file data-v7.tsv (TSV, C-alpha atoms)
chain	number	residue	atom	x	y	z
A	1	MET	CA	-58.14	95.60	114.04
A	2	SER	CA	-55.02	93.96	115.41
A	3	GLU	CA	-52.14	92.72	113.31
A	4	ALA	CA	-52.94	89.18	114.39
A	5	VAL	CA	-56.41	89.36	112.87
A	6	LEU	CA	-55.06	90.93	109.70
A	7	ALA	CA	-52.47	88.18	109.44
A	8	VAL	CA	-55.12	85.50	109.83
A	9	GLU	CA	-57.25	87.07	107.11
A	10	ALA	CA	-54.34	87.55	104.76
A	11	PRO	CA	-54.41	85.64	101.44
A	12	GLY	CA	-52.85	82.21	101.54
A	13	VAL	CA	-53.43	81.75	105.28
A	14	SER	CA	-56.53	79.76	106.19
A	15	ALA	CA	-58.17	80.17	109.57
A	16	PRO	CA	-60.62	77.67	111.00
A	17	GLY	CA	-64.23	78.74	110.69
A	18	ALA	CA	-67.59	77.95	109.20
A	19	SER	CA	-66.08	77.30	105.76
A	20	GLY	CA	-63.76	74.68	107.27
A	21	ALA	CA	-66.72	72.94	108.90
A	22	ARG	CA	-68.59	72.93	105.58
A	23	GLN	CA	-65.59	71.44	103.82
A	24	PHE	CA	-65.32	68.77	106.50
A	25	TRP	CA	-68.97	67.72	106.13
A	26	ARG	CA	-68.69	67.77	102.34
A	27	ARG	CA	-65.66	65.47	102.42
A	28	LEU	CA	-67.26	63.19	105.01
A	29	ARG	CA	-70.43	62.83	102.94
A	30	THR	CA	-68.42	61.45	100.03
A	31	GLN	CA	-67.29	58.47	102.16
A	32	ARG	CA	-70.12	55.96	102.18
A	33	ALA	CA	-68.41	53.60	104.63
A	34	ALA	CA	-67.97	56.41	107.15
A	35	LEU	CA	-71.61	57.45	106.79
A	36	VAL	CA	-72.81	53.89	107.36
A	37	ALA	CA	-70.53	53.64	110.38
A	38	ALA	CA	-71.89	56.94	111.71
A	39	VAL	CA	-75.45	55.61	111.42
A	40	VAL	CA	-74.47	52.42	113.26
A	41	VAL	CA	-72.76	54.40	116.04
A	42	ALA	CA	-75.78	56.70	116.35
A	43	LEU	CA	-78.09	53.68	116.66
A	44	LEU	CA	-75.85	52.13	119.33
A	45	VAL	CA	-75.80	55.37	121.32
A	46	LEU	CA	-79.58	55.65	120.96
A	47	VAL	CA	-80.03	52.08	122.20
A	48	ALA	CA	-77.73	52.75	125.16
A	49	LEU	CA	-79.57	55.95	126.12
A	50	ALA	CA	-82.98	54.32	125.67
A	51	ALA	CA	-82.09	51.14	127.59
A	52	PRO	CA	-84.63	51.77	130.41
A	53	LEU	CA	-87.38	52.45	127.87
A	54	LEU	CA	-86.54	49.38	125.75
A	55	THR	CA	-86.45	47.05	128.73
A	56	ALA	CA	-89.71	48.55	130.02
A	57	ILE	CA	-91.33	47.77	126.66
A	58	GLU	CA	-90.03	44.20	126.92
A	59	GLY	CA	-91.17	44.05	130.54
A	60	GLN	CA	-87.83	42.88	131.94
A	61	ASP	CA	-84.79	44.25	133.77
A	62	PRO	CA	-81.10	43.22	133.79
A	63	THR	CA	-80.88	41.95	137.37
A	64	THR	CA	-84.00	39.87	138.08
A	65	TYR	CA	-83.39	36.11	138.28
A	66	HIS	CA	-85.76	33.65	136.58
A	67	PRO	CA	-84.73	30.21	137.91
A	68	SER	CA	-87.82	28.60	136.37
A	69	LEU	CA	-86.49	29.35	132.87
A	70	VAL	CA	-83.31	27.27	133.24
A	71	ASP	CA	-82.90	23.53	133.50
A	72	SER	CA	-81.13	22.86	136.80
A	73	ALA	CA	-80.77	19.17	135.94
A	74	ARG	CA	-78.53	20.14	132.98
A	75	GLY	CA	-76.45	22.64	134.93
A	76	GLY	CA	-78.61	25.68	134.29
A	77	VAL	CA	-79.05	25.56	130.49
A	78	PRO	CA	-81.93	27.81	129.33
A	79	ILE	CA	-85.15	25.94	128.61
A	80	GLY	CA	-86.42	26.19	125.05
A	81	SER	CA	-84.92	26.92	121.66
A	82	PHE	CA	-82.52	29.81	120.96
A	83	GLY	CA	-81.61	30.14	124.62
A	84	GLY	CA	-85.18	30.52	125.81
A	85	ALA	CA	-86.13	33.30	123.40
A	86	SER	CA	-89.80	34.19	123.61
A	87	ALA	CA	-92.21	37.11	123.53
A	88	GLU	CA	-91.25	37.89	127.15
A	89	HIS	CA	-87.50	37.42	126.62
A	90	TRP	CA	-86.59	38.64	123.14
A	91	LEU	CA	-83.04	37.27	123.05
A	92	GLY	CA	-83.42	34.49	125.60
A	93	VAL	CA	-82.09	34.26	129.12
A	94	GLU	CA	-78.74	33.89	130.80
A	95	PRO	CA	-77.63	30.35	131.79
A	96	GLN	CA	-77.88	29.45	135.48
A	97	THR	CA	-79.50	32.74	136.55
A	98	GLY	CA	-82.22	33.19	133.93
A	99	ARG	CA	-81.61	36.94	133.70
A	100	ASP	CA	-82.89	38.55	130.53
A	101	LEU	CA	-80.19	38.74	127.85
A	102	PHE	CA	-81.69	41.65	125.92
A	103	ALA	CA	-81.84	43.80	129.06
A	104	ARG	CA	-78.27	42.95	130.01
A	105	LEU	CA	-77.07	43.61	126.47
A	106	VAL	CA	-78.58	47.09	126.15
A	107	TYR	CA	-77.54	48.09	129.67
A	108	GLY	CA	-74.08	46.70	128.91
A	109	ALA	CA	-73.93	49.09	125.95
A	110	ARG	CA	-74.40	51.99	128.38
A	111	VAL	CA	-71.47	50.83	130.48
A	112	SER	CA	-69.11	50.02	127.60
A	113	LEU	CA	-69.80	53.19	125.61
A	114	GLY	CA	-69.95	55.39	128.70
A	115	VAL	CA	-66.64	54.15	130.09
A	116	ALA	CA	-64.94	54.48	126.69
A	117	LEU	CA	-66.21	58.02	126.08
A	118	ALA	CA	-65.37	59.18	129.61
A	119	ALA	CA	-61.86	57.71	129.37
A	120	THR	CA	-61.37	59.42	126.01
A	121	VAL	CA	-62.39	62.79	127.46
A	122	VAL	CA	-59.88	62.38	130.30
A	123	GLN	CA	-57.12	61.38	127.88
A	124	VAL	CA	-57.80	64.28	125.52
A	125	ALA	CA	-57.99	66.83	128.36
A	126	ILE	CA	-54.70	65.76	129.93
A	127	GLY	CA	-52.94	65.28	126.60
A	128	VAL	CA	-53.94	68.68	125.21
A	129	VAL	CA	-53.02	70.59	128.38
A	130	LEU	CA	-49.62	68.94	128.84
A	131	GLY	CA	-48.81	68.91	125.11
A	132	VAL	CA	-49.48	72.63	124.71
A	133	ALA	CA	-47.66	73.40	127.97
A	134	ALA	CA	-44.59	71.47	126.83
A	135	ALA	CA	-44.52	73.23	123.45
A	136	LEU	CA	-45.03	76.74	124.83
A	137	GLY	CA	-43.06	76.42	128.07
A	138	SER	CA	-39.38	76.93	128.70
A	139	ARG	CA	-36.78	74.36	127.74
A	140	TRP	CA	-36.78	72.99	131.29
A	141	VAL	CA	-40.59	72.62	131.31
A	142	ASP	CA	-40.49	70.96	127.91
A	143	GLN	CA	-37.85	68.48	129.05
A	144	VAL	CA	-39.73	67.54	132.23
A	145	LEU	CA	-43.10	67.12	130.52
A	146	SER	CA	-41.59	65.26	127.56
A	147	ARG	CA	-39.83	62.76	129.84
A	148	LEU	CA	-43.04	62.29	131.83
A	149	THR	CA	-44.90	61.64	128.57
A	150	ASP	CA	-42.27	59.10	127.51
A	151	VAL	CA	-42.73	57.26	130.80
A	152	ILE	CA	-46.51	57.18	130.34
A	153	VAL	CA	-46.20	55.93	126.74
A	154	ALA	CA	-43.80	53.16	127.80
A	155	MET	CA	-46.03	52.09	130.68
A	156	PRO	CA	-47.96	48.84	129.96
A	157	LEU	CA	-51.60	49.87	130.10
A	158	MET	CA	-53.16	46.52	130.98
A	159	ILE	CA	-50.66	45.67	133.73
A	160	MET	CA	-50.96	49.09	135.38
A	161	ALA	CA	-54.74	49.04	135.10
A	162	LEU	CA	-54.89	45.57	136.63
A	163	ALA	CA	-52.71	46.71	139.55
A	164	LEU	CA	-54.67	49.91	140.20
A	165	LEU	CA	-58.10	48.33	139.89
A	166	ALA	CA	-57.10	45.50	142.23
A	167	ILE	CA	-56.13	47.80	145.13
A	168	VAL	CA	-59.00	50.31	144.99
A	169	PRO	CA	-61.85	49.56	147.44
A	170	SER	CA	-64.87	47.90	145.89
A	171	SER	CA	-67.12	50.64	147.29
A	172	PHE	CA	-65.83	53.08	144.64
A	173	PRO	CA	-68.16	53.15	141.58
A	174	ARG	CA	-66.54	50.69	139.23
A	175	PRO	CA	-67.44	52.23	135.82
A	176	VAL	CA	-66.11	55.61	136.99
A	177	LEU	CA	-62.96	53.98	138.32
A	178	VAL	CA	-62.30	52.08	135.09
A	179	ALA	CA	-62.75	55.25	133.02
A	180	LEU	CA	-60.39	57.22	135.27
A	181	VAL	CA	-57.73	54.50	135.28
A	182	ILE	CA	-57.75	54.18	131.48
A	183	GLY	CA	-57.73	57.95	131.02
A	184	LEU	CA	-54.95	58.61	133.54
A	185	ILE	CA	-52.65	55.94	132.11
A	186	ALA	CA	-53.13	56.27	128.34
A	187	TRP	CA	-52.81	60.00	127.56
A	188	GLY	CA	-49.17	59.92	126.44
A	189	ASN	CA	-49.65	59.51	122.68
A	190	ILE	CA	-52.11	62.37	122.33
A	191	ALA	CA	-49.79	64.62	124.36
A	192	LYS	CA	-46.98	63.85	121.91
A	193	ILE	CA	-49.23	64.62	118.94
A	194	VAL	CA	-50.37	67.92	120.46
A	195	ARG	CA	-46.82	68.98	121.35
A	196	ALA	CA	-45.53	68.27	117.82
A	197	GLN	CA	-48.45	70.08	116.18
A	198	THR	CA	-48.12	73.07	118.51
A	199	LEU	CA	-44.38	73.39	117.78
A	200	THR	CA	-45.21	73.42	114.06
A	201	LEU	CA	-47.89	76.09	114.44
A	202	LYS	CA	-45.61	78.31	116.58
A	203	GLY	CA	-43.53	79.13	113.54
A	204	LEU	CA	-46.41	80.26	111.31
A	205	ASP	CA	-46.90	83.90	110.39
A	206	TYR	CA	-50.28	84.45	112.03
A	207	VAL	CA	-48.96	83.17	115.39
A	208	ALA	CA	-45.94	85.46	115.09
A	209	ALA	CA	-48.27	88.37	114.28
A	210	ALA	CA	-50.33	87.63	117.37
A	211	ARG	CA	-47.17	87.61	119.49
A	212	LEU	CA	-46.01	90.95	118.01
A	213	SER	CA	-49.41	92.49	118.71
A	214	GLY	CA	-48.82	91.95	122.43
A	215	TRP	CA	-50.95	88.88	123.07
A	216	GLY	CA	-49.97	86.71	126.01
A	217	THR	CA	-48.85	83.09	125.66
A	218	TRP	CA	-52.08	81.51	126.84
A	219	ARG	CA	-54.23	83.90	124.83
A	220	ILE	CA	-52.28	82.88	121.73
A	221	ALA	CA	-52.75	79.24	122.68
A	222	ARG	CA	-56.49	79.68	123.16
A	223	ARG	CA	-57.20	81.88	120.13
A	224	GLU	CA	-54.65	80.71	117.57
A	225	LEU	CA	-53.13	77.34	118.46
A	226	LEU	CA	-56.06	75.33	119.83
A	227	PRO	CA	-58.16	75.74	116.64
A	228	GLY	CA	-55.12	74.60	114.65
A	229	ILE	CA	-54.65	71.40	116.64
A	230	ALA	CA	-58.38	70.57	116.71
A	231	ALA	CA	-58.24	68.39	113.59
A	232	PRO	CA	-55.53	65.94	114.76
A	233	VAL	CA	-57.00	65.86	118.27
A	234	ILE	CA	-60.50	65.02	116.99
A	235	THR	CA	-59.05	62.41	114.65
A	236	TYR	CA	-57.07	60.68	117.37
A	237	ALA	CA	-59.97	60.90	119.84
A	238	ALA	CA	-62.26	59.19	117.32
A	239	LEU	CA	-59.79	56.31	117.14
A	240	LEU	CA	-59.33	56.20	120.93
A	241	VAL	CA	-62.98	55.37	121.62
A	242	PRO	CA	-62.96	51.86	120.06
A	243	ALA	CA	-59.58	51.15	121.68
A	244	ASN	CA	-60.98	52.11	125.08
A	245	ILE	CA	-64.04	49.91	124.55
A	246	THR	CA	-61.69	47.00	123.92
A	247	VAL	CA	-59.64	47.81	127.05
A	248	GLU	CA	-62.78	48.01	129.21
A	249	ALA	CA	-64.01	44.70	127.83
A	250	ALA	CA	-60.61	43.10	128.47
A	251	LEU	CA	-60.50	44.38	132.06
A	252	SER	CA	-64.03	43.12	132.72
A	253	PHE	CA	-63.12	39.80	131.09
A	254	LEU	CA	-60.16	39.50	133.48
A	255	GLY	CA	-62.44	40.16	136.44
A	256	VAL	CA	-61.12	43.57	137.55
A	257	GLY	CA	-63.45	45.79	135.53
A	258	VAL	CA	-67.14	46.37	136.08
A	259	LYS	CA	-68.45	44.12	138.83
A	260	PRO	CA	-71.78	42.21	138.91
A	261	PRO	CA	-74.67	42.81	138.96
A	262	THR	CA	-73.87	45.81	136.70
A	263	PRO	CA	-73.91	44.38	133.16
A	264	SER	CA	-70.97	44.85	130.80
A	265	TRP	CA	-70.14	43.20	127.49
A	266	GLY	CA	-66.72	42.13	128.74
A	267	GLN	CA	-68.23	40.74	131.92
A	268	MET	CA	-70.80	38.79	129.88
A	269	LEU	CA	-67.98	37.31	127.80
A	270	THR	CA	-66.22	36.23	130.98
A	271	ALA	CA	-69.26	34.31	132.18
A	272	ALA	CA	-69.95	32.87	128.72
A	273	ASP	CA	-66.63	31.11	128.17
A	274	VAL	CA	-67.99	27.81	129.55
A	275	TRP	CA	-71.38	28.05	127.81
A	276	TYR	CA	-70.36	28.43	124.18
A	277	GLN	CA	-71.60	24.92	123.34
A	278	ALA	CA	-74.69	24.63	125.55
A	279	ALA	CA	-75.86	28.24	125.06
A	280	PRO	CA	-73.91	29.79	122.15
A	281	GLN	CA	-76.08	32.93	122.01
A	282	TYR	CA	-74.77	33.91	125.44
A	283	LEU	CA	-71.30	34.24	123.90
A	284	LEU	CA	-72.23	35.39	120.40
A	285	LEU	CA	-74.50	38.31	121.39
A	286	PRO	CA	-72.01	40.35	123.48
A	287	ALA	CA	-69.13	39.36	121.20
A	288	GLY	CA	-71.09	40.47	118.13
A	289	ALA	CA	-72.14	43.74	119.77
A	290	LEU	CA	-68.54	44.45	120.75
A	291	PHE	CA	-67.27	43.62	117.26
A	292	VAL	CA	-69.84	45.80	115.48
A	293	THR	CA	-69.24	48.73	117.84
A	294	VAL	CA	-65.46	48.66	117.54
A	295	LEU	CA	-65.62	48.20	113.75
A	296	ALA	CA	-68.09	51.07	113.28
A	297	LEU	CA	-66.11	53.44	115.49
A	298	THR	CA	-62.86	52.53	113.75
A	299	VAL	CA	-64.32	53.12	110.28
A	300	LEU	CA	-65.88	56.39	111.44
A	301	GLY	CA	-62.59	57.51	112.98
A	302	ASP	CA	-60.75	56.77	109.75
A	303	GLY	CA	-63.39	58.72	107.81
A	304	VAL	CA	-63.02	61.69	110.15
A	305	ARG	CA	-59.23	61.56	109.70
A	306	THR	CA	-59.57	61.63	105.91
A	307	ALA	CA	-62.17	64.43	105.98
A	308	LEU	CA	-60.03	66.58	108.28
A	309	ASP	CA	-56.80	66.06	106.33
A	310	PRO	CA	-56.82	68.16	103.13
A	311	ARG	CA	-53.65	66.43	101.95
A	312	ALA	CA	-55.44	63.07	101.96
A	313	ALA	CA	-58.25	64.57	99.90
A	314	SER	CA	-55.73	66.09	97.49
A	315	ARG	CA	-53.96	62.77	97.07
A	316	LEU	CA	-57.32	61.14	96.41
A	317	ARG	CA	-58.18	63.70	93.73
A	318	ILE	CA	-54.75	63.38	92.12
A	319	GLY	CA	-54.99	59.58	92.07
A	320	THR	CA	-58.50	59.72	90.60
A	321	GLY	CA	-57.38	62.14	87.91
A	322	ARG	CA	-54.46	59.93	86.94
A	323	ARG	CA	-56.71	56.88	86.69
A	324	ARG	CA	-59.10	58.82	84.45
A	325	GLU	CA	-56.23	59.93	82.24
A	326	ALA	CA	-54.95	56.37	82.03
A	327	LYS	CA	-58.40	55.12	80.99
A	328	ALA	CA	-58.66	57.85	78.36
call {"tool": "encode", "arguments": {"input": "data-v7.tsv", "output": "structure tokens"}}
result
Amino acid sequence: MSEAVLAVEAPGVSAPGASGARQFWRRLRTQRAALVAAVVVALLVLVALAAPLLTAIEGQDPTTYHPSLVDSARGGVPIGSFGGASAEHWLGVEPQTGRDLFARLVYGARVSLGVALAATVVQVAIGVVLGVAAALGSRWVDQVLSRLTDVIVAMPLMIMALALLAIVPSSFPRPVLVALVIGLIAWGNIAKIVRAQTLTLKGLDYVAAARLSGWGTWRIARRELLPGIAAPVITYAALLVPANITVEAALSFLGVGVKPPTPSWGQMLTAADVWYQAAPQYLLLPAGALFVTVLALTVLGDGVRTALDPRAASRLRIGTGRRREAKA
């Protein structure tokens, strides 16, 4: 058995493993808000994945026009109460076009969640690779990558995204393009976090033992450093998803994101800004879905951060103990 393995198993040095995963789930289960948020997120993902099935049960699709369901004399206001809600159209229809709102809402969830998750994966992949490379590379490599990261962090995301999305041909799949643009522009913060965490782990005994045992740099990074930076990376990634949903919605609202007829919550909000009085459900439904999704993901991300940070749990136990002593 190598010295690196012995060092990892030595008393006082904790290595990631099954026990760490059990501790994480035990801490997460104690946070009721995070559990509720996890259930909400799971339901949203299930609705997004089952969008074709749900719309088939309703008997509608997100692109078919129903001009007979809107009042052309009033500018295209849906006929009937609650925006034309009925047994055939569960949440009513879209003003002017008569497209089914339920179908567009659930298909919009696929676009919003899919773009946000794909952008997060791109950000995490680039940030982890460049952060670890900067921390383990030579001083020259560290300086170059750190300056590049500073430039990316200082770059205004919305302005750069608007410029890039405006010049790319419309034939390129828009959801894929939006995810790539967000991911390629907004990886700077996670790269800084990974670099700082990797520099901290480099000085620990078990990493030094692995180096003395003859392991190469990238083997040390893969076997010893990557498990150590998993917690902050997962925490930050959980908080990136709601931020990316908001960015995608903002880009679609500004008209450079997902293009019609593909439904998106931000795109629906763009079209609803003139209908908030005549057909308020057309504005409230995508806005409410966006609000609930971002709130649930933010609460879940904060719960993951607390569960992965033993110091936060220790502070919580200390504070609880002091309050009990004060009551006694």
call {"tool": "closest_residue", "arguments": {"input": "data-v7.tsv", "among": "A:Tyr236, A:Phe172, A:Tyr282, A:Phe291", "to": "Val77 of chain A", "atoms": "only C-alpha atoms"}}
result
A:Tyr282
call {"tool": "atom_distance", "arguments": {"input": "data-v7.tsv", "atom1": "atom CA of Trp275 of chain A", "atom2": "atom CA of Pro52 of chain A"}}
result
27.3 Å
call {"tool": "atom_distance", "arguments": {"input": "data-v7.tsv", "atom1": "atom CA of Trp187 of chain A", "atom2": "atom CA of Gln123 of chain A"}}
result
4.5 Å
call {"tool": "residues_around", "arguments": {"input": "data-v7.tsv", "residues": "Ala249 of chain A", "least_positions_apart": "5", "cutoff": "12 Å", "atoms": "all atoms listed in the file", "output": "ChimeraX atom specification"}}
result
/A:108-109,111-113,115-116,158,175,178-179,182,242-244,254-259,263-270,286-287,289-291,293-294
call {"tool": "write_last_selection", "arguments": {"input": "data-v7.tsv", "atoms": "C-alpha atoms", "output": "PDB file, keeping the file's coordinate frame"}}
result
ATOM      1  CA  GLY A 108     -74.080  46.700 128.910  1.00  0.00           C
ATOM      2  CA  ALA A 109     -73.930  49.090 125.950  1.00  0.00           C
ATOM      3  CA  VAL A 111     -71.470  50.830 130.480  1.00  0.00           C
ATOM      4  CA  SER A 112     -69.110  50.020 127.600  1.00  0.00           C
ATOM      5  CA  LEU A 113     -69.800  53.190 125.610  1.00  0.00           C
ATOM      6  CA  VAL A 115     -66.640  54.150 130.090  1.00  0.00           C
ATOM      7  CA  ALA A 116     -64.940  54.480 126.690  1.00  0.00           C
ATOM      8  CA  MET A 158     -53.160  46.520 130.980  1.00  0.00           C
ATOM      9  CA  PRO A 175     -67.440  52.230 135.820  1.00  0.00           C
ATOM     10  CA  VAL A 178     -62.300  52.080 135.090  1.00  0.00           C
ATOM     11  CA  ALA A 179     -62.750  55.250 133.020  1.00  0.00           C
ATOM     12  CA  ILE A 182     -57.750  54.180 131.480  1.00  0.00           C
ATOM     13  CA  PRO A 242     -62.960  51.860 120.060  1.00  0.00           C
ATOM     14  CA  ALA A 243     -59.580  51.150 121.680  1.00  0.00           C
ATOM     15  CA  ASN A 244     -60.980  52.110 125.080  1.00  0.00           C
ATOM     16  CA  LEU A 254     -60.160  39.500 133.480  1.00  0.00           C
ATOM     17  CA  GLY A 255     -62.440  40.160 136.440  1.00  0.00           C
ATOM     18  CA  VAL A 256     -61.120  43.570 137.550  1.00  0.00           C
ATOM     19  CA  GLY A 257     -63.450  45.790 135.530  1.00  0.00           C
ATOM     20  CA  VAL A 258     -67.140  46.370 136.080  1.00  0.00           C
ATOM     21  CA  LYS A 259     -68.450  44.120 138.830  1.00  0.00           C
ATOM     22  CA  PRO A 263     -73.910  44.380 133.160  1.00  0.00           C
ATOM     23  CA  SER A 264     -70.970  44.850 130.800  1.00  0.00           C
ATOM     24  CA  TRP A 265     -70.140  43.200 127.490  1.00  0.00           C
ATOM     25  CA  GLY A 266     -66.720  42.130 128.740  1.00  0.00           C
ATOM     26  CA  GLN A 267     -68.230  40.740 131.920  1.00  0.00           C
ATOM     27  CA  MET A 268     -70.800  38.790 129.880  1.00  0.00           C
ATOM     28  CA  LEU A 269     -67.980  37.310 127.800  1.00  0.00           C
ATOM     29  CA  THR A 270     -66.220  36.230 130.980  1.00  0.00           C
ATOM     30  CA  PRO A 286     -72.010  40.350 123.480  1.00  0.00           C
ATOM     31  CA  ALA A 287     -69.130  39.360 121.200  1.00  0.00           C
ATOM     32  CA  ALA A 289     -72.140  43.740 119.770  1.00  0.00           C
ATOM     33  CA  LEU A 290     -68.540  44.450 120.750  1.00  0.00           C
ATOM     34  CA  PHE A 291     -67.270  43.620 117.260  1.00  0.00           C
ATOM     35  CA  THR A 293     -69.240  48.730 117.840  1.00  0.00           C
ATOM     36  CA  VAL A 294     -65.460  48.660 117.540  1.00  0.00           C
TER      37      VAL A 294
END
call {"tool": "closest_residue", "arguments": {"input": "data-v7.tsv", "among": "A:Ala278, A:Ala135, A:Arg147, A:Leu28", "to": "Gly76 of chain A", "atoms": "all atoms listed in the file"}}
result
A:Ala278
call {"tool": "closest_residue", "arguments": {"input": "data-v7.tsv", "among": "A:Ser81, A:Thr64, A:Thr200, A:Thr30", "to": "Leu225 of chain A", "atoms": "only C-alpha atoms"}}
result
A:Thr200
call {"tool": "closest_residue", "arguments": {"input": "data-v7.tsv", "among": "A:Ile220, A:Leu204, A:Val176, A:Leu212", "to": "Leu136 of chain A", "atoms": "all atoms listed in the file"}}
result
A:Ile220
call {"tool": "closest_residue", "arguments": {"input": "data-v7.tsv", "among": "A:Ile229, A:Ala51, A:Val241, A:Leu308", "to": "Ala118 of chain A", "atoms": "only C-alpha atoms"}}
result
A:Val241
call {"tool": "atom_distance", "arguments": {"input": "data-v7.tsv", "atom1": "atom CA of Trp215 of chain A", "atom2": "atom CA of Val129 of chain A"}}
result
19.2 Å
call {"tool": "closest_residue", "arguments": {"input": "data-v7.tsv", "among": "A:Val299, A:Val247, A:Leu184, A:Ala125", "to": "Ile152 of chain A", "atoms": "all atoms listed in the file"}}
result
A:Leu184
call {"tool": "residues_around", "arguments": {"input": "data-v7.tsv", "residues": "segment 88-92 of chain A", "least_positions_apart": "6", "cutoff": "10 Å", "atoms": "all atoms listed in the file", "output": "PyMOL selection string"}}
result
chain A and resi 55+57-60+69+78-82+98-103+105+279+281-282+285
call {"tool": "residues_around", "arguments": {"input": "data-v7.tsv", "residues": "Val40 of chain A", "least_positions_apart": "4", "cutoff": "7 Å", "atoms": "all atoms listed in the file", "output": "list in words"}}
result
Val36, Leu44 and Ala296 of chain A
call {"tool": "axis_aligned_box", "arguments": {"input": "data-v7.tsv", "around": "segment 25-28 of chain A", "padding_each_side": "4 Å", "output": "JSON"}}
result
{"center_x": -67.3, "center_y": 65.5, "center_z": 104.2, "size_x": 11.3, "size_y": 12.6, "size_z": 11.8}
call {"tool": "residues_around", "arguments": {"input": "data-v7.tsv", "residues": "Gly127 of chain A", "least_positions_apart": "6", "cutoff": "10 Å", "atoms": "all atoms listed in the file", "output": "PyMOL selection string"}}
result
chain A and resi 121+133+149+183-184+186-195+233
call {"tool": "write_last_selection", "arguments": {"input": "data-v7.tsv", "atoms": "C-alpha atoms", "output": "short mmCIF file (atom, residue, chain, number, x, y, z; two decimals), keeping the file's coordinate frame"}}
result
data_model
loop_
_atom_site.label_atom_id
_atom_site.label_comp_id
_atom_site.auth_asym_id
_atom_site.auth_seq_id
_atom_site.Cartn_x
_atom_site.Cartn_y
_atom_site.Cartn_z
CA VAL A 121 -62.39 62.79 127.46
CA ALA A 133 -47.66 73.40 127.97
CA THR A 149 -44.90 61.64 128.57
CA GLY A 183 -57.73 57.95 131.02
CA LEU A 184 -54.95 58.61 133.54
CA ALA A 186 -53.13 56.27 128.34
CA TRP A 187 -52.81 60.00 127.56
CA GLY A 188 -49.17 59.92 126.44
CA ASN A 189 -49.65 59.51 122.68
CA ILE A 190 -52.11 62.37 122.33
CA ALA A 191 -49.79 64.62 124.36
CA LYS A 192 -46.98 63.85 121.91
CA ILE A 193 -49.23 64.62 118.94
CA VAL A 194 -50.37 67.92 120.46
CA ARG A 195 -46.82 68.98 121.35
CA VAL A 233 -57.00 65.86 118.27
#
